[in-house]
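Read through the structure below, which is laid out as structure tokens, and then see the notes.
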Amino acid sequence: MDDQNKNLILATALSFLVILVWFVLFPPPEPEIPLDATPPAASTTASAAAAVPAPPIAGEAAPAAQTATATADPTADAPRVSIDTARLSGSISLAGGRLDDLRLKDYRETLEPDADIVTMLSPVGTAGAYYALHGWAPGSGLEADTVPDPNTVWELVEGDTLPPTAPIALQWDNGAGQVFRRDISVDEDYLFTVTQSVTNTGDTAVRAAPYGMITRHGIPTDIRNFFILHEGAVAMANGELAETNWDDIPEADVDPNWGRPAIVTTDVAEGWIGFTDHFWQSILIPTGVPSFEQALTYAPRTDVFRADTRLPPQDIAPGATVSVTTKLFAGAKEWEAIREYQNSGVEGFIDSIDWGWFFFLTKPIFWLLHEMNLIIGNMGWAIIGLTLVIKAILFPLAYKSYVSMAKMKELQPQMEALKEAAGDDKQKLQKGMMELYKKEKVNPAAGCLPILLQIPIFFSLYKVIFVTIELRHAPFYGPFQDLSAPDPTSIFRLFGLLPLEAPDPTSIMALIFIGILPILLGISMWLQQKLNPAPTDPTQQMIFAWMPWVFMFMLGGFASGLVVYWIANNTITFTQQYLIMRSQGYKPDLMGNIKGSFKKAAKEEAANSTKAPTKKGGK
């Protein structure tokens, strides 16, 4: 076995092993609730840190996950204010001023044209209730019933619907000398601005602490539980990103200030906190305060998760008005929109997208893919264009590799002579090989380096295709209308000729009845092998013979966009290798190698059929 083949087998086997392990281990595939009370008042100094007992949040029911049917919300009949923008629809309940009804007009649940648009937030009483709340925790001079609680019915004093051009204003007078106001606006995309103010018309100073919270009843039922994707809580605090899985929040220690399991971060000067799903997220972003507190909490009895921000207590003198502002992002994790918010001052907001360990690759790969898609107008062709760019960047290394491979082929006769001369003396053979390599200036390891470099690039592109919403429902052509999903064509359906349903992508049937793209992948790998003669070693022959077809079936359940990349990569690699080897005086006998593999298979079949003839009659 020559060293060149050893290196190629080693690199290919390593690639296969990594992908196989990945594929096997991580297949694609509160009601009057004391435990869910308004957060206690926060403070910025130790002398003022005593927590103020908070009233319960009325009107919230136990989550649907714990009951046969979701309990109705007692405030369900409260008036609502419509939200209507080019990208959002929904409403705000005047009960607590809750943002609990939000849908994304640009996205549908499935590819069907009449499919429901994606629901982002939903009120109490629906399965998996998910909503945002803002309010005040009472401090000195205020009692629990003199601050609006999450079920207080506010009065709409400005606006009748919420467009992106004008805010609405809610107001509540506690009858004890304080008037609470809430101004809510939304931009052209997904960012709400909530300004809370208190006007003290009384004779004495009072203190109150503003807060914001995002509440989710139970773990989402559509969670993917896939290693490559983070779903759960996400937070940025003073430049440090924290991703917390759903299961880790209930396991946190009980915080005495919150009275429940809580993960608390204090003295946050700049930051944000919220919950992230596969393609959607809701994030609270306090602004204009020197520091604040962030917390992830869990109410065990009711299975309620919360992401909270507690701002410093505000002292409101008689006749004074105090206001604070918090922004709320609730929508799709679109790279362009999130980048724009980051450029506008939301620190590290682009990292709310899960770029993974290879972020130094995934970020530039996505940027290039995104820009090429803008130019080309088709994500499938953009992936092919991205492949061309990657191959162009790696071309100097590939050139050296293929030149070295061509020289290795020229040295085959000399290498065979060294083997015959050395016999069983491996040390003598090794020394002779090294002298030959040095004399001819050949690096036997050069052939496997480009293959090894493809591994992190492959995984980074897989991350980009799987995680980013820009690939969701992104069409290529014909039946390939979602490059983030597996190939929808199938042998089972005769690639669409039969009116049958394709096997479930998670079933063993889908692994067997693969589609067009995986088959093209296997063929492209097989043709790439045929640029070189089959190795003489039987073990190598077996590995080379099975490798393309194993990959073909193994990648059949991967995102079709990734398979498109690999097909394009194999095609470009084949072309590069053929042309470079020809330029070095070595002409690959492609057709001869293909015919040779079939002849060898026929000979082996004939030999096996005559190897052990069956005796007929007699002894």
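Every chain in the structure tokens has a letter given in the order shown (A, B, ...), and although residue numbers restart at 1 in each chain, ligands are simply numbered from 1 in the order shown.
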(request) With a distance cut-off of 7 Å and only C-alpha atoms, select the neighbouring residues of Gly177 of chain A, excluding the residue or stretch itself and same-chain residues fewer than 4 positions from it, and output the selection as a PyMOL selection string. (result) chain A and resi 200-202
I'd like the contact shell of Asp187 of chain A - 12 Å cut-off, only C-alpha atoms, skipping same-chain residues fewer than 3 positions apart - returned as a compact mmCIF listing (two decimals) with C-alpha atoms, in the first residue's frame.
# COMPACT_ATOMS: atom_id res chain seq x y z
CA ILE A 83 -51.31 45.53 16.38
CA ASP A 84 -51.13 45.97 12.63
CA THR A 85 -47.88 46.47 10.75
CA ALA A 86 -46.56 45.17 7.45
CA ARG A 87 -44.92 42.27 9.28
CA LEU A 88 -46.94 41.79 12.48
CA LEU A 162 -50.68 50.12 17.05
CA PRO A 163 -49.06 50.80 13.66
CA PRO A 164 -45.34 51.45 13.16
CA THR A 165 -46.00 55.17 12.75
CA ALA A 166 -47.55 56.19 16.09
CA PRO A 167 -47.49 54.85 19.67
CA ILE A 184 -45.95 51.46 23.52
CA TYR A 190 -39.95 43.32 15.45
CA LEU A 191 -38.82 45.84 18.08
CA PHE A 192 -41.31 47.22 20.60
CA THR A 193 -40.44 50.20 22.80
CA VAL A 194 -42.22 50.33 26.17
CA LYS A 327 -37.27 47.50 24.44
CA LEU A 328 -38.77 44.17 23.53
CA PHE A 329 -37.74 42.14 20.50
CA ALA A 330 -40.38 39.60 19.52
CA GLY A 331 -40.04 38.02 16.12
CA ALA A 337 -32.77 43.01 11.30
CA TYR A 341 -30.44 46.57 16.07
(request) Skip Pro123 of chain A itself and residues of its chain fewer than 2 positions away, then list as number ranges by chain all residues within 10 Å of it, counting only C-alpha atoms. (result) A: 60, 72-73, 76, 92-93, 98-102, 121, 125-132, 216
Could you save those same residues with all heavy atoms as a compact mmCIF listing (two decimals), in the first residue's frame?
# COMPACT_ATOMS: atom_id res chain seq x y z
N GLU A 60 -53.87 33.95 35.92
CA GLU A 60 -53.06 33.03 35.13
C GLU A 60 -53.37 31.61 35.57
O GLU A 60 -53.41 31.31 36.75
CB GLU A 60 -51.57 33.31 35.29
CG GLU A 60 -51.17 34.65 34.72
CD GLU A 60 -49.67 34.86 34.82
OE1 GLU A 60 -48.98 33.92 35.19
OE2 GLU A 60 -49.22 35.97 34.53
N ALA A 72 -59.26 28.64 31.39
CA ALA A 72 -59.55 29.94 30.79
C ALA A 72 -58.96 31.07 31.62
O ALA A 72 -58.83 30.97 32.84
CB ALA A 72 -61.06 30.11 30.66
N ASP A 73 -58.63 32.15 30.98
CA ASP A 73 -58.09 33.33 31.62
C ASP A 73 -59.24 34.20 32.11
O ASP A 73 -60.09 34.61 31.31
CB ASP A 73 -57.23 34.09 30.61
CG ASP A 73 -56.65 35.37 31.19
OD1 ASP A 73 -56.77 35.56 32.41
OD2 ASP A 73 -56.07 36.16 30.41
N ALA A 76 -59.85 37.25 30.07
CA ALA A 76 -59.91 37.04 28.62
C ALA A 76 -60.85 38.02 27.93
O ALA A 76 -60.68 38.32 26.74
CB ALA A 76 -60.35 35.60 28.32
N ILE A 92 -52.80 43.77 22.02
CA ILE A 92 -52.32 43.96 23.39
C ILE A 92 -53.54 43.97 24.29
O ILE A 92 -54.51 44.71 24.05
CB ILE A 92 -51.54 45.28 23.54
CG1 ILE A 92 -50.30 45.26 22.63
CG2 ILE A 92 -51.15 45.54 24.98
CD1 ILE A 92 -49.58 46.59 22.55
N SER A 93 -53.51 43.15 25.34
CA SER A 93 -54.62 43.12 26.29
C SER A 93 -54.49 44.29 27.26
O SER A 93 -53.42 44.54 27.80
CB SER A 93 -54.63 41.81 27.06
OG SER A 93 -55.62 41.84 28.08
N ARG A 98 -50.68 43.48 28.67
CA ARG A 98 -49.87 42.35 28.23
C ARG A 98 -49.75 42.30 26.71
O ARG A 98 -50.74 42.39 25.99
CB ARG A 98 -50.51 41.02 28.67
CG ARG A 98 -50.82 40.89 30.12
CD ARG A 98 -51.43 39.51 30.37
NE ARG A 98 -52.03 39.42 31.68
CZ ARG A 98 -52.56 38.30 32.18
NH1 ARG A 98 -52.55 37.21 31.42
NH2 ARG A 98 -53.09 38.29 33.37
N LEU A 99 -48.54 42.11 26.23
CA LEU A 99 -48.32 41.79 24.82
C LEU A 99 -48.36 40.27 24.73
O LEU A 99 -47.37 39.58 24.99
CB LEU A 99 -46.97 42.33 24.35
CG LEU A 99 -46.59 42.06 22.89
CD1 LEU A 99 -47.67 42.53 21.94
CD2 LEU A 99 -45.26 42.68 22.55
N ASP A 100 -49.53 39.73 24.39
CA ASP A 100 -49.74 38.28 24.48
C ASP A 100 -50.42 37.71 23.24
O ASP A 100 -50.91 36.58 23.28
CB ASP A 100 -50.56 37.94 25.72
CG ASP A 100 -51.96 38.56 25.70
OD1 ASP A 100 -52.28 39.30 24.74
OD2 ASP A 100 -52.74 38.29 26.64
N ASP A 101 -50.44 38.47 22.17
CA ASP A 101 -51.08 37.99 20.94
C ASP A 101 -50.28 38.58 19.78
O ASP A 101 -50.45 39.76 19.46
CB ASP A 101 -52.54 38.43 20.90
CG ASP A 101 -53.22 38.11 19.57
OD1 ASP A 101 -52.78 37.14 18.92
OD2 ASP A 101 -54.16 38.83 19.20
N LEU A 102 -49.42 37.75 19.17
CA LEU A 102 -48.54 38.27 18.13
C LEU A 102 -48.29 37.20 17.08
O LEU A 102 -47.95 36.06 17.41
CB LEU A 102 -47.21 38.73 18.73
CG LEU A 102 -46.31 39.56 17.80
CD1 LEU A 102 -46.97 40.89 17.48
CD2 LEU A 102 -44.95 39.79 18.45
N LEU A 121 -46.54 34.92 20.02
CA LEU A 121 -46.97 35.02 21.41
C LEU A 121 -48.44 34.64 21.51
O LEU A 121 -49.21 34.85 20.58
CB LEU A 121 -46.76 36.45 21.94
CG LEU A 121 -45.34 37.01 21.87
CD1 LEU A 121 -45.31 38.46 22.36
CD2 LEU A 121 -44.37 36.16 22.67
N GLY A 125 -54.51 30.72 28.86
CA GLY A 125 -55.70 30.00 28.43
C GLY A 125 -55.48 29.23 27.15
O GLY A 125 -56.29 28.39 26.79
N THR A 126 -54.38 29.53 26.45
CA THR A 126 -54.01 28.76 25.26
C THR A 126 -52.87 27.83 25.63
O THR A 126 -52.12 28.07 26.59
CB THR A 126 -53.58 29.67 24.11
OG1 THR A 126 -52.45 30.44 24.52
CG2 THR A 126 -54.71 30.61 23.72
N ALA A 127 -52.71 26.75 24.88
CA ALA A 127 -51.63 25.82 25.15
C ALA A 127 -50.29 26.51 24.95
O ALA A 127 -50.07 27.18 23.95
CB ALA A 127 -51.74 24.60 24.23
N GLY A 128 -49.39 26.36 25.90
CA GLY A 128 -48.08 26.97 25.80
C GLY A 128 -48.13 28.49 25.82
O GLY A 128 -47.45 29.14 25.03
N ALA A 129 -48.93 29.06 26.72
CA ALA A 129 -49.06 30.51 26.81
C ALA A 129 -47.68 31.17 26.89
O ALA A 129 -46.77 30.69 27.57
CB ALA A 129 -49.90 30.89 28.03
N TYR A 130 -47.55 32.32 26.19
CA TYR A 130 -46.24 32.94 26.00
C TYR A 130 -46.50 34.43 25.80
O TYR A 130 -47.16 34.82 24.84
CB TYR A 130 -45.61 32.30 24.76
CG TYR A 130 -44.22 32.72 24.36
CD1 TYR A 130 -43.37 33.42 25.19
CD2 TYR A 130 -43.75 32.37 23.09
CE1 TYR A 130 -42.09 33.77 24.79
CE2 TYR A 130 -42.48 32.70 22.67
CZ TYR A 130 -41.65 33.40 23.52
OH TYR A 130 -40.38 33.74 23.10
N TYR A 131 -46.00 35.28 26.72
CA TYR A 131 -46.35 36.69 26.65
C TYR A 131 -45.32 37.53 27.40
O TYR A 131 -44.48 37.02 28.14
CB TYR A 131 -47.74 36.93 27.25
CG TYR A 131 -47.95 36.25 28.59
CD1 TYR A 131 -47.67 36.91 29.78
CD2 TYR A 131 -48.43 34.95 28.66
CE1 TYR A 131 -47.85 36.30 31.00
CE2 TYR A 131 -48.60 34.32 29.87
CZ TYR A 131 -48.32 35.00 31.05
OH TYR A 131 -48.47 34.37 32.25
N ALA A 132 -45.42 38.85 27.19
CA ALA A 132 -44.52 39.80 27.84
C ALA A 132 -45.33 40.73 28.73
O ALA A 132 -46.47 41.13 28.39
CB ALA A 132 -43.76 40.61 26.80
N ARG A 216 -43.31 32.07 29.95
CA ARG A 216 -43.69 30.93 29.11
C ARG A 216 -44.23 29.82 30.01
O ARG A 216 -43.60 29.46 31.01
CB ARG A 216 -42.49 30.39 28.32
CG ARG A 216 -41.89 31.40 27.37
CD ARG A 216 -40.97 30.77 26.35
NE ARG A 216 -41.72 30.09 25.30
CZ ARG A 216 -41.23 29.81 24.10
NH1 ARG A 216 -39.98 30.13 23.80
NH2 ARG A 216 -41.95 29.20 23.18
(request) Taking the DSSP assignment computed from this structure's backbone, write out as JSON, numbers by chain all residues of segment 87-119 of chain A that belong to strand (DSSP E or B). (result) {"A": [88, 89, 90, 91, 92, 93, 95, 98, 99, 100, 101, 102, 103, 104, 105, 106, 107, 108, 117, 118, 119]}
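If you look at atom CA of Glu435 of chain A and atom CA of Glu416 of chain A, they are 14.4 Å away from each other.
Restricting the calculation to only C-alpha atoms, the smallest distance between Tyr211 of chain A and any of A:Ala568, A:Ala137, A:Val186, A:Leu562 is found for A:Ala137.
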(message) Can you tell me which residues surround segment 271-285 of chain A at a distance of at most 8 Å, considering only C-alpha atoms, apart from same-chain residues fewer than 4 positions away, and format the answer as number ranges by chain?
(response) A: 120, 212-214, 223-224, 229-239, 294, 307-309, 326-333, 346-347, 352, 467-469
(message) For Arg181 of chain A, find every residue with an atom within 12 Å (counting only C-alpha atoms), except residues of its own chain fewer than 3 positions away, and show them as a ChimeraX atom specification.
(response) /A:96-97,134-136,147-148,154-158,168-174,178,184,194-200,321-325
(request) Extract, using only C-alpha atoms, all DNA, RNA and protein residues at most 9 Å from Ala299 of chain A, discarding same-chain residues fewer than 2 positions from it, and format them as an NGL selection string. (result) :A and (35-36 or 250 or 260-261 or 297 or 301-306)
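Here atom CA of Val124 of chain A stands at a distance of 17.5 Å from atom CA of Ser82 of chain A.
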(message) Can you tell me, as a count of residues only, which residues in segment 61-284 of chain A count as helix (DSSP H, G or I) by DSSP?
(response) 9
